[in-house]
Amino acid sequence: MPAPPPPPDPEFVLRGTQSAVHALHFCTGAQGQGQPLLLSGAQSGLVHIWSLQTRRAVATLDGHGGQCVTWLQTLPPGHQLLSQGRDLRLCVWELEEGRNAVVDSVRLESVGFCRSTILAGNPQRWTLALPGQGSNEVQILEMPSKTSVCILKPEADAKPGMPMCLQLWQADSSPRPLLLAGYEDGSVALWDISQRKVCSRLTCHPEPVMGLDFDSQQARGVSGSAEKALAVWSVDERQALQMCRTQQITNPGIADVKIRPDRKILATAGWDHRIRVFRWSTMKPLAVLNFHSATVHCVAFADNGLLAAGSGDQRISVWSLYSRM
């Protein structure tokens with residue numbers, strides 16, 4: 001049998017952050033004139049907005065006082081950006097018509113590693129979930145009014161530790177938002193926000209959950225931790241979490257995991273400097289991308305399928321993979 005073809009090289013590499021890259025997000029926003037932009041958040045506290053046409057930064061945002069930027073997200077239709085930093089601040093930026101101004105901010109109560117998450121149908125009213133004041137709490141706010149909806153605290157007999165990663169979602173058939181939370185003890189919990197209760201909890205990993213992503217169309221999710229395995233799990237019609245399978249990997253440590261918008265493939269960011277790509281339907285390993293020389297902290301997919309990875313080596317690699325699957 002012929003040997004499989006070698007993994008591809010990156011389409012291109014973005015340099016110039018001058019600091020480890022900890023957050024990435026693609027958007028088709030105000031400054032891109034219809035072309036996708038890539039946003040990166042650095043350990044230096046800076047957010048860079050990259051043109052994929054010129055492969056240069058078109059703007060640099062400085063709102064986190066030199067503290068690491070851990071999470072980036074745009075609100076539809078892309079004119080406002082959210083950035084979360086280790087300075088205990090979540091900034092709301094106005095990007096329309098070339099503006100780069102902080103127009104609002106939310107004070108964070110927790111210095112942990114947990115990234116926030118939003119559920120946004122429109123920028124006039126959206127839901128924000130963020131780590132709460134107590135070490136095991138998640139706070140739910142209605143934005144932009146910052147009205148507290150609730151604080152989610154684990155049951156008295158549960159000791160999951162700190163929330164490590166969060167994802168808000170809503171089933172097409174339900175008006176009620178749900179929250180998936182990965183915890184320090186390796187469990188994933190599904191919260192019903194309106195009932196303020198845990199619908200289900202599943203032990204997925206022996207180590208803290210470092211990243212998770214969820215395919216709401218198939219009600220199936222994936223999580224990674226400090227160990228050498230990915231966990232794939234599902235949510236049934238009774239809102240119970242079920243373990244589907246585990247996928248072993250060669251080296252320990254998954255910093256981030258993302259499913260591509262077309263739900264064909266997923267990518268992981270590895271402590272071993274590698275990006276791993278799997279077929280989402282079967283978890284068949286498709287490629288190991290070996291380009292970076294330090295931990296890969298984050299991965300992100302664009303709507304057109306491009307994959308970006310950010311690393312401690314201060315570089316962002318951009319890949320075009322399996323575009324016709």
# chains A, B, ... in the order shown; residues from 1 in each chain; ligands from 1
$ closest_atom_pairs --of "stretch 98-154 of chain A" --to "stretch 48-66 of chain A" --cutoff "9 Å" --atoms "only C-alpha atoms" --output "Markdown table"
| residue | atom | partner | partner_atom | distance |
| --- | --- | --- | --- | --- |
| A:Gly98 | CA | A:Ala59 | CA | 8.9 |
| A:Asn100 | CA | A:Leu61 | CA | 6.8 |
| A:Ala101 | CA | A:Leu61 | CA | 8.3 |
| A:Val102 | CA | A:Gly63 | CA | 7.4 |
$ write_last_selection --atoms "N, CA, C and O atoms" --output "CSV table (one decimal), in the first residue's frame"
chain,number,residue,atom,x,y,z
A,98,GLY,N,-14.1,51.6,11.5
A,98,GLY,CA,-12.7,51.8,11.9
A,98,GLY,C,-12.5,52.2,13.3
A,98,GLY,O,-11.4,52.5,13.7
A,100,ASN,N,-12.1,51.7,17.2
A,100,ASN,CA,-11.5,50.7,18.1
A,100,ASN,C,-11.6,51.1,19.5
A,100,ASN,O,-10.6,51.4,20.2
A,101,ALA,N,-12.8,51.3,20.0
A,101,ALA,CA,-13.0,51.9,21.4
A,101,ALA,C,-13.7,50.9,22.3
A,101,ALA,O,-14.6,50.2,21.9
A,102,VAL,N,-13.3,50.9,23.6
A,102,VAL,CA,-14.0,50.1,24.6
A,102,VAL,C,-15.2,51.0,24.9
A,102,VAL,O,-15.1,52.1,25.4
$ select_by_dssp --residues "stretch 125-274 of chain A" --states "strand (DSSP E or B)" --output "PyMOL selection string"
chain A and resi 125-131+138-143+147-152+163-169+178-183+187-192+197-203+209-215+220-225+229-235+241-248+254-259+265-270+274
$ residues_around --residues "stretch 192-197 of chain A" --least-positions-apart "2" --cutoff "8 Å" --atoms "only C-alpha atoms" --output "short mmCIF file (atom, residue, chain, number, x, y, z; two decimals) with N, CA, C and O atoms, in the first residue's frame"
data_model
loop_
_atom_site.label_atom_id
_atom_site.label_comp_id
_atom_site.auth_asym_id
_atom_site.auth_seq_id
_atom_site.Cartn_x
_atom_site.Cartn_y
_atom_site.Cartn_z
N CYS A 150 -28.94 34.75 37.08
CA CYS A 150 -28.81 33.80 38.18
C CYS A 150 -27.34 33.48 38.40
O CYS A 150 -26.47 33.85 37.58
N ILE A 151 -27.07 32.81 39.51
CA ILE A 151 -25.74 32.27 39.79
C ILE A 151 -25.92 30.76 39.93
O ILE A 151 -26.76 30.29 40.71
N LEU A 152 -25.16 30.01 39.15
CA LEU A 152 -25.27 28.55 39.15
C LEU A 152 -24.23 27.97 40.09
O LEU A 152 -23.02 28.11 39.85
N ARG A 176 -35.51 27.51 25.98
CA ARG A 176 -34.73 27.63 27.21
C ARG A 176 -33.25 27.43 26.94
O ARG A 176 -32.83 26.40 26.39
N PRO A 177 -32.43 28.41 27.33
CA PRO A 177 -30.99 28.26 27.13
C PRO A 177 -30.41 27.25 28.11
O PRO A 177 -30.85 27.13 29.26
N LEU A 178 -29.41 26.51 27.64
CA LEU A 178 -28.71 25.52 28.44
C LEU A 178 -27.24 25.88 28.48
O LEU A 178 -26.73 26.59 27.61
N LEU A 179 -26.55 25.41 29.50
CA LEU A 179 -25.13 25.68 29.64
C LEU A 179 -24.40 24.37 29.87
O LEU A 179 -24.76 23.59 30.76
N LEU A 190 -24.51 19.61 32.49
CA LEU A 190 -25.50 20.32 31.67
C LEU A 190 -26.46 21.03 32.62
O LEU A 190 -27.14 20.38 33.42
N CYS A 199 -29.10 19.37 35.00
CA CYS A 199 -29.91 18.29 34.41
C CYS A 199 -29.15 16.96 34.47
O CYS A 199 -29.74 15.90 34.66
#
$ residues_around --residues "A:Arg115" --least-positions-apart "5" --cutoff "10 Å" --atoms "only C-alpha atoms" --output "list of chain:residue names"
A:Ala23, A:Val69, A:Thr70, A:Trp71, A:Leu72, A:Ser83, A:Gln84, A:Gly85, A:Ala129, A:Leu130, A:Pro131, A:Pro163, A:Met164, A:Cys165, A:Leu166, A:Gln167, A:Gly211
$ write_last_selection --atoms "all heavy atoms" --output "compact mmCIF listing (two decimals), in the first residue's frame"
# COMPACT_ATOMS: atom_id res chain seq x y z
N ALA A 23 -5.69 33.31 22.38
CA ALA A 23 -7.09 33.34 21.95
C ALA A 23 -7.14 33.69 20.47
O ALA A 23 -6.37 34.53 19.99
CB ALA A 23 -7.88 34.38 22.75
N VAL A 69 -4.82 38.07 27.28
CA VAL A 69 -6.17 37.97 26.71
C VAL A 69 -6.48 36.48 26.50
O VAL A 69 -5.76 35.77 25.81
CB VAL A 69 -6.27 38.73 25.38
CG1 VAL A 69 -7.66 38.56 24.76
CG2 VAL A 69 -5.97 40.21 25.58
N THR A 70 -7.57 36.00 27.14
CA THR A 70 -7.87 34.57 27.14
C THR A 70 -9.04 34.17 26.25
O THR A 70 -9.21 32.99 25.96
CB THR A 70 -8.18 34.11 28.58
OG1 THR A 70 -9.27 34.90 29.10
CG2 THR A 70 -6.96 34.29 29.48
N TRP A 71 -9.85 35.15 25.81
CA TRP A 71 -11.06 34.79 25.04
C TRP A 71 -11.48 35.97 24.19
O TRP A 71 -11.40 37.13 24.62
CB TRP A 71 -12.19 34.43 26.01
CG TRP A 71 -13.52 34.12 25.40
CD1 TRP A 71 -13.84 33.01 24.64
CD2 TRP A 71 -14.74 34.88 25.50
NE1 TRP A 71 -15.18 33.06 24.28
CE2 TRP A 71 -15.73 34.19 24.80
CE3 TRP A 71 -15.04 36.09 26.13
CZ2 TRP A 71 -17.04 34.67 24.71
CZ3 TRP A 71 -16.34 36.56 26.04
CH2 TRP A 71 -17.33 35.85 25.33
N LEU A 72 -11.91 35.67 22.95
CA LEU A 72 -12.40 36.67 22.00
C LEU A 72 -13.68 36.16 21.35
O LEU A 72 -13.78 34.98 21.01
CB LEU A 72 -11.36 36.94 20.90
CG LEU A 72 -10.02 37.55 21.34
CD1 LEU A 72 -9.01 37.44 20.22
CD2 LEU A 72 -10.21 39.00 21.76
N SER A 83 -13.64 40.91 24.57
CA SER A 83 -12.32 40.36 24.91
C SER A 83 -12.24 40.18 26.42
O SER A 83 -12.63 41.07 27.17
CB SER A 83 -11.20 41.26 24.40
OG SER A 83 -11.20 42.52 25.05
N GLN A 84 -11.76 39.02 26.85
CA GLN A 84 -11.61 38.71 28.26
C GLN A 84 -10.13 38.61 28.59
O GLN A 84 -9.37 37.98 27.85
CB GLN A 84 -12.30 37.39 28.59
CG GLN A 84 -12.17 36.94 30.03
CD GLN A 84 -12.85 35.60 30.28
OE1 GLN A 84 -13.75 35.20 29.55
NE2 GLN A 84 -12.42 34.90 31.32
N GLY A 85 -9.72 39.23 29.71
CA GLY A 85 -8.31 39.23 30.08
C GLY A 85 -8.09 38.79 31.51
O GLY A 85 -9.02 38.76 32.32
N ALA A 129 -22.38 34.09 29.98
CA ALA A 129 -22.03 33.24 31.11
C ALA A 129 -20.55 33.41 31.39
O ALA A 129 -19.72 33.36 30.48
CB ALA A 129 -22.34 31.78 30.80
N LEU A 130 -20.21 33.63 32.66
CA LEU A 130 -18.83 33.88 33.02
C LEU A 130 -18.55 33.26 34.38
O LEU A 130 -19.48 33.00 35.15
CB LEU A 130 -18.52 35.38 33.02
CG LEU A 130 -19.22 36.31 34.00
CD1 LEU A 130 -18.46 37.63 34.09
CD2 LEU A 130 -20.66 36.61 33.57
N PRO A 131 -17.27 32.99 34.70
CA PRO A 131 -16.98 32.42 36.03
C PRO A 131 -17.44 33.36 37.12
O PRO A 131 -17.31 34.58 37.01
CB PRO A 131 -15.45 32.24 36.01
CG PRO A 131 -14.94 33.06 34.87
CD PRO A 131 -16.06 33.15 33.89
N PRO A 163 -15.15 25.87 37.55
CA PRO A 163 -15.47 25.71 36.14
C PRO A 163 -14.25 26.08 35.30
O PRO A 163 -13.59 27.08 35.57
CB PRO A 163 -16.63 26.69 35.91
CG PRO A 163 -16.50 27.70 37.00
CD PRO A 163 -15.86 27.01 38.16
N MET A 164 -13.92 25.25 34.32
CA MET A 164 -12.74 25.45 33.48
C MET A 164 -13.11 25.93 32.08
O MET A 164 -12.32 26.60 31.42
CB MET A 164 -11.95 24.14 33.37
CG MET A 164 -11.50 23.57 34.72
SD MET A 164 -10.28 24.59 35.56
CE MET A 164 -8.86 24.35 34.52
N CYS A 165 -14.30 25.53 31.60
CA CYS A 165 -14.75 25.98 30.26
C CYS A 165 -16.27 25.91 30.22
O CYS A 165 -16.88 25.09 30.90
CB CYS A 165 -14.12 25.15 29.14
SG CYS A 165 -14.06 23.39 29.44
N LEU A 166 -16.85 26.82 29.43
CA LEU A 166 -18.30 27.00 29.40
C LEU A 166 -18.77 27.10 27.95
O LEU A 166 -18.07 27.63 27.09
CB LEU A 166 -18.69 28.31 30.11
CG LEU A 166 -18.21 28.52 31.55
CD1 LEU A 166 -18.48 29.95 31.99
CD2 LEU A 166 -18.87 27.52 32.48
N GLN A 167 -19.99 26.59 27.70
CA GLN A 167 -20.62 26.83 26.40
C GLN A 167 -22.13 26.90 26.54
O GLN A 167 -22.78 25.93 26.93
CB GLN A 167 -20.24 25.74 25.38
CG GLN A 167 -20.80 26.08 24.00
CD GLN A 167 -20.04 25.42 22.88
OE1 GLN A 167 -18.91 25.00 23.04
NE2 GLN A 167 -20.67 25.32 21.73
N GLY A 211 -10.89 22.10 27.59
CA GLY A 211 -11.61 22.66 26.45
C GLY A 211 -12.76 21.76 26.07
O GLY A 211 -12.69 20.53 26.24
$ atom_distance --atom1 "atom CA of A:Arg86" --atom2 "atom CA of A:Thr17"
17.5 Å
$ residues_around --residues "A:Val103" --least-positions-apart "6" --cutoff "9 Å" --atoms "only C-alpha atoms" --output "PyMOL selection string"
chain A and resi 91-94
$ atom_distance --atom1 "atom CA of A:Gly221" --atom2 "atom CA of A:Leu82"
24.1 Å
$ residues_around --residues "A:Asn290" --least-positions-apart "5" --cutoff "12 Å" --atoms "only C-alpha atoms" --output "list in words"
Pro6, Pro7, Pro8, Asp9, Pro10, Ala269, Gly270, Trp271, Asp272, His273, Arg274, Ile275, Arg276, Val277, Thr295, Val296, Ala309, Ser311, Ser317 and Trp319 of chain A
$ write_last_selection --atoms "N, CA and C atoms" --output "JSON list (two decimals), in the first residue's frame"
[["chain", "number", "residue", "atom", "x", "y", "z"],
["A", 6, "PRO", "N", 2.11, 13.14, 3.21],
["A", 6, "PRO", "CA", 2.53, 13.86, 4.41],
["A", 6, "PRO", "C", 1.55, 15.00, 4.71],
["A", 7, "PRO", "N", 1.45, 15.39, 5.99],
["A", 7, "PRO", "CA", 0.56, 16.51, 6.32],
["A", 7, "PRO", "C", 0.99, 17.77, 5.57],
["A", 8, "PRO", "N", 0.04, 18.63, 5.25],
["A", 8, "PRO", "CA", 0.38, 19.84, 4.49],
["A", 8, "PRO", "C", 1.13, 20.84, 5.35],
["A", 9, "ASP", "N", 1.73, 21.81, 4.69],
["A", 9, "ASP", "CA", 2.28, 22.98, 5.39],
["A", 9, "ASP", "C", 1.15, 24.00, 5.58],
["A", 10, "PRO", "N", 1.35, 24.96, 6.48],
["A", 10, "PRO", "CA", 0.35, 26.02, 6.61],
["A", 10, "PRO", "C", 0.20, 26.80, 5.30],
["A", 269, "ALA", "N", -5.77, 21.64, 20.05],
["A", 269, "ALA", "CA", -4.52, 22.35, 20.31],
["A", 269, "ALA", "C", -3.77, 21.58, 21.39],
["A", 270, "GLY", "N", -2.53, 21.20, 21.11],
["A", 270, "GLY", "CA", -1.82, 20.30, 22.00],
["A", 270, "GLY", "C", -0.67, 20.93, 22.75],
["A", 271, "TRP", "N", -0.48, 20.46, 23.99],
["A", 271, "TRP", "CA", 0.69, 20.87, 24.76],
["A", 271, "TRP", "C", 1.98, 20.39, 24.08],
["A", 272, "ASP", "N", 1.86, 19.34, 23.24],
["A", 272, "ASP", "CA", 3.04, 18.78, 22.57],
["A", 272, "ASP", "C", 3.40, 19.54, 21.29],
["A", 273, "HIS", "N", 2.86, 20.78, 21.13],
["A", 273, "HIS", "CA", 3.15, 21.69, 20.01],
["A", 273, "HIS", "C", 2.38, 21.31, 18.74],
["A", 274, "ARG", "N", 1.53, 20.29, 18.80],
["A", 274, "ARG", "CA", 0.89, 19.78, 17.59],
["A", 274, "ARG", "C", -0.60, 20.10, 17.54],
["A", 275, "ILE", "N", -1.11, 20.18, 16.31],
["A", 275, "ILE", "CA", -2.54, 20.32, 16.05],
["A", 275, "ILE", "C", -3.00, 18.97, 15.50],
["A", 276, "ARG", "N", -4.04, 18.41, 16.10],
["A", 276, "ARG", "CA", -4.57, 17.12, 15.62],
["A", 276, "ARG", "C", -5.94, 17.35, 14.99],
["A", 277, "VAL", "N", -6.17, 16.66, 13.88],
["A", 277, "VAL", "CA", -7.42, 16.82, 13.13],
["A", 277, "VAL", "C", -8.10, 15.46, 13.06],
["A", 295, "THR", "N", 3.81, 25.11, 23.01],
["A", 295, "THR", "CA", 2.42, 24.72, 23.23],
["A", 295, "THR", "C", 1.49, 25.46, 22.28],
["A", 296, "VAL", "N", 0.56, 24.72, 21.66],
["A", 296, "VAL", "CA", -0.53, 25.35, 20.91],
["A", 296, "VAL", "C", -1.65, 25.60, 21.90],
["A", 309, "ALA", "N", -4.29, 28.39, 14.28],
["A", 309, "ALA", "CA", -3.78, 27.89, 15.56],
["A", 309, "ALA", "C", -2.80, 28.92, 16.12],
["A", 311, "SER", "N", 0.06, 29.87, 19.23],
["A", 311, "SER", "CA", 1.03, 29.12, 20.03],
["A", 311, "SER", "C", 1.86, 30.03, 20.94],
["A", 317, "SER", "N", -0.49, 29.95, 12.87],
["A", 317, "SER", "CA", -0.49, 29.22, 11.60],
["A", 317, "SER", "C", -1.92, 29.15, 11.07],
["A", 319, "TRP", "N", -4.33, 27.25, 8.12],
["A", 319, "TRP", "CA", -4.33, 26.02, 7.34],
["A", 319, "TRP", "C", -5.61, 25.91, 6.52]]
$ closest_residue --among "A:Arg89, A:His25, A:Arg279, A:Arg15" --to "A:Val299" --atoms "only C-alpha atoms"
A:His25
$ atom_distance --atom1 "atom CA of A:Leu286" --atom2 "atom CA of A:Gly312"
24.1 Å
$ closest_residue --among "A:Val47, A:Leu141, A:Val106, A:Leu230" --to "A:Pro206" --atoms "only C-alpha atoms"
A:Leu230
$ residues_around --residues "A:Pro160" --least-positions-apart "4" --cutoff "8 Å" --atoms "only C-alpha atoms" --output "PDB file with C-alpha atoms, in the first residue's frame"
ATOM      1  CA  ASN A 136     -17.238  26.822  41.824  1.00  0.00           C
ATOM      2  CA  PRO A 154     -23.217  22.946  42.164  1.00  0.00           C
ATOM      3  CA  TYR A 183     -14.998  21.363  35.701  1.00  0.00           C
ATOM      4  CA  GLU A 184     -11.748  20.924  37.560  1.00  0.00           C
ATOM      5  CA  ASP A 185     -12.638  17.357  38.624  1.00  0.00           C
ATOM      6  CA  GLY A 186     -12.944  16.221  34.974  1.00  0.00           C
ATOM      7  CA  SER A 187     -16.748  16.258  34.876  1.00  0.00           C
TER       8      SER A 187
END
$ select_by_dssp --residues "stretch 24-239 of chain A" --states "helix (DSSP H, G or I)" --output "JSON list (two decimals) with all heavy atoms, in the first residue's frame"
[["chain", "number", "residue", "atom", "x", "y", "z"],
["A", 30, "ALA", "N", -16.81, 44.49, 10.58],
["A", 30, "ALA", "CA", -16.90, 45.85, 10.06],
["A", 30, "ALA", "C", -15.64, 46.26, 9.32],
["A", 30, "ALA", "O", -15.71, 46.98, 8.32],
["A", 30, "ALA", "CB", -17.15, 46.80, 11.22],
["A", 31, "GLN", "N", -14.49, 45.80, 9.79],
["A", 31, "GLN", "CA", -13.26, 46.28, 9.18],
["A", 31, "GLN", "C", -12.79, 45.40, 8.01],
["A", 31, "GLN", "O", -11.79, 45.70, 7.37],
["A", 31, "GLN", "CB", -12.15, 46.37, 10.25],
["A", 31, "GLN", "CG", -12.51, 47.34, 11.35],
["A", 31, "GLN", "CD", -11.40, 47.51, 12.35],
["A", 31, "GLN", "OE1", -10.48, 46.73, 12.41],
["A", 31, "GLN", "NE2", -11.49, 48.56, 13.16],
["A", 32, "GLY", "N", -13.52, 44.30, 7.76],
["A", 32, "GLY", "CA", -13.07, 43.39, 6.72],
["A", 32, "GLY", "C", -13.72, 43.61, 5.37],
["A", 32, "GLY", "O", -13.39, 42.91, 4.41],
["A", 96, "GLU", "N", -17.10, 49.31, 14.45],
["A", 96, "GLU", "CA", -17.72, 49.80, 13.22],
["A", 96, "GLU", "C", -17.01, 51.05, 12.71],
["A", 96, "GLU", "O", -16.59, 51.90, 13.48],
["A", 96, "GLU", "CB", -19.20, 50.11, 13.48],
["A", 96, "GLU", "CG", -19.99, 50.28, 12.20],
["A", 96, "GLU", "CD", -21.49, 50.22, 12.44],
["A", 96, "GLU", "OE1", -21.92, 50.39, 13.59],
["A", 96, "GLU", "OE2", -22.22, 50.01, 11.46],
["A", 97, "GLU", "N", -16.86, 51.09, 11.37],
["A", 97, "GLU", "CA", -16.29, 52.26, 10.68],
["A", 97, "GLU", "C", -14.91, 52.62, 11.23],
["A", 97, "GLU", "O", -14.59, 53.79, 11.42],
["A", 97, "GLU", "CB", -17.25, 53.45, 10.77],
["A", 97, "GLU", "CG", -18.56, 53.20, 10.04],
["A", 97, "GLU", "CD", -19.59, 54.28, 10.28],
["A", 97, "GLU", "OE1", -19.32, 55.18, 11.08],
["A", 97, "GLU", "OE2", -20.66, 54.21, 9.65],
["A", 98, "GLY", "N", -14.12, 51.58, 11.48],
["A", 98, "GLY", "CA", -12.74, 51.82, 11.87],
["A", 98, "GLY", "C", -12.54, 52.24, 13.32],
["A", 98, "GLY", "O", -11.42, 52.53, 13.72]]
$ closest_atom_pairs --of "stretch 258-321 of chain A" --to "stretch 241-246 of chain A" --cutoff "12 Å" --atoms "only C-alpha atoms" --output "tab-separated table"
residue	atom	partner	partner_atom	distance
A:Ser281	CA	A:Cys244	CA	11.6
A:Thr282	CA	A:Arg245	CA	10.0
A:Met283	CA	A:Thr246	CA	9.1
A:Lys284	CA	A:Thr246	CA	11.5
$ write_last_selection --atoms "C-alpha atoms" --output "mmCIF file, in the first residue's frame"
data_model
loop_
_atom_site.group_PDB
_atom_site.id
_atom_site.type_symbol
_atom_site.label_atom_id
_atom_site.label_comp_id
_atom_site.auth_asym_id
_atom_site.auth_seq_id
_atom_site.Cartn_x
_atom_site.Cartn_y
_atom_site.Cartn_z
ATOM 1 C CA SER A 281 -18.596 11.654 12.679
ATOM 2 C CA THR A 282 -16.207 8.792 13.506
ATOM 3 C CA MET A 283 -13.276 10.398 15.391
ATOM 4 C CA LYS A 284 -10.950 8.868 12.806
#
$ closest_residue --among "A:Leu75, A:Ala181, A:Val21, A:Cys114" --to "A:Met143" --atoms "only C-alpha atoms"
A:Leu75
$ closest_residue --among "A:Thr250, A:Asp215, A:Ser174, A:Ala120" --to "A:Trp233" --atoms "only C-alpha atoms"
A:Asp215
$ decode --residues "stretch 188-196 of chain A" --atoms "all heavy atoms" --output "compact mmCIF listing (two decimals), in the first residue's frame"
# COMPACT_ATOMS: atom_id res chain seq x y z
N VAL A 188 -18.28 17.00 33.16
CA VAL A 188 -19.04 17.95 32.35
C VAL A 188 -20.47 17.96 32.89
O VAL A 188 -21.06 16.89 33.12
CB VAL A 188 -19.03 17.57 30.86
CG1 VAL A 188 -19.97 18.45 30.06
CG2 VAL A 188 -17.61 17.67 30.29
N ALA A 189 -21.04 19.14 33.12
CA ALA A 189 -22.41 19.26 33.63
C ALA A 189 -23.25 20.03 32.63
O ALA A 189 -22.78 20.97 31.99
CB ALA A 189 -22.43 19.97 34.98
N LEU A 190 -24.51 19.61 32.49
CA LEU A 190 -25.50 20.32 31.67
C LEU A 190 -26.46 21.03 32.62
O LEU A 190 -27.14 20.38 33.42
CB LEU A 190 -26.25 19.34 30.77
CG LEU A 190 -27.36 19.96 29.91
CD1 LEU A 190 -26.78 20.91 28.87
CD2 LEU A 190 -28.19 18.87 29.23
N TRP A 191 -26.47 22.36 32.54
CA TRP A 191 -27.33 23.19 33.39
C TRP A 191 -28.54 23.68 32.61
O TRP A 191 -28.40 24.13 31.47
CB TRP A 191 -26.58 24.42 33.87
CG TRP A 191 -25.51 24.19 34.89
CD1 TRP A 191 -24.20 23.86 34.65
CD2 TRP A 191 -25.64 24.30 36.31
NE1 TRP A 191 -23.51 23.76 35.84
CE2 TRP A 191 -24.37 24.02 36.87
CE3 TRP A 191 -26.72 24.61 37.16
CZ2 TRP A 191 -24.15 24.04 38.26
CZ3 TRP A 191 -26.49 24.63 38.53
CH2 TRP A 191 -25.22 24.35 39.06
N ASP A 192 -29.71 23.63 33.24
CA ASP A 192 -30.90 24.34 32.76
C ASP A 192 -30.91 25.69 33.47
O ASP A 192 -31.10 25.76 34.70
CB ASP A 192 -32.16 23.54 33.08
CG ASP A 192 -33.42 24.19 32.52
OD1 ASP A 192 -33.54 25.43 32.58
OD2 ASP A 192 -34.30 23.47 32.03
N ILE A 193 -30.65 26.77 32.72
CA ILE A 193 -30.48 28.09 33.35
C ILE A 193 -31.79 28.58 33.96
O ILE A 193 -31.80 29.12 35.07
CB ILE A 193 -29.94 29.10 32.32
CG1 ILE A 193 -28.49 28.72 31.96
CG2 ILE A 193 -30.00 30.52 32.85
CD1 ILE A 193 -27.94 29.48 30.79
N SER A 194 -32.91 28.38 33.27
CA SER A 194 -34.17 28.91 33.81
C SER A 194 -34.59 28.17 35.07
O SER A 194 -35.21 28.74 35.96
CB SER A 194 -35.27 28.84 32.75
OG SER A 194 -35.36 27.54 32.22
N GLN A 195 -34.23 26.89 35.19
CA GLN A 195 -34.53 26.11 36.41
C GLN A 195 -33.41 26.21 37.45
O GLN A 195 -33.57 25.77 38.59
CB GLN A 195 -34.72 24.64 36.04
CG GLN A 195 -35.81 24.38 35.03
CD GLN A 195 -37.19 24.37 35.65
OE1 GLN A 195 -37.35 23.92 36.77
NE2 GLN A 195 -38.17 24.91 34.94
N ARG A 196 -32.25 26.74 37.01
CA ARG A 196 -31.07 26.87 37.89
C ARG A 196 -30.65 25.53 38.50
O ARG A 196 -30.29 25.43 39.66
CB ARG A 196 -31.32 27.89 39.00
CG ARG A 196 -31.54 29.26 38.41
CD ARG A 196 -31.97 30.28 39.42
NE ARG A 196 -32.56 31.41 38.72
CZ ARG A 196 -32.94 32.53 39.28
NH1 ARG A 196 -32.81 32.70 40.57
NH2 ARG A 196 -33.46 33.50 38.55
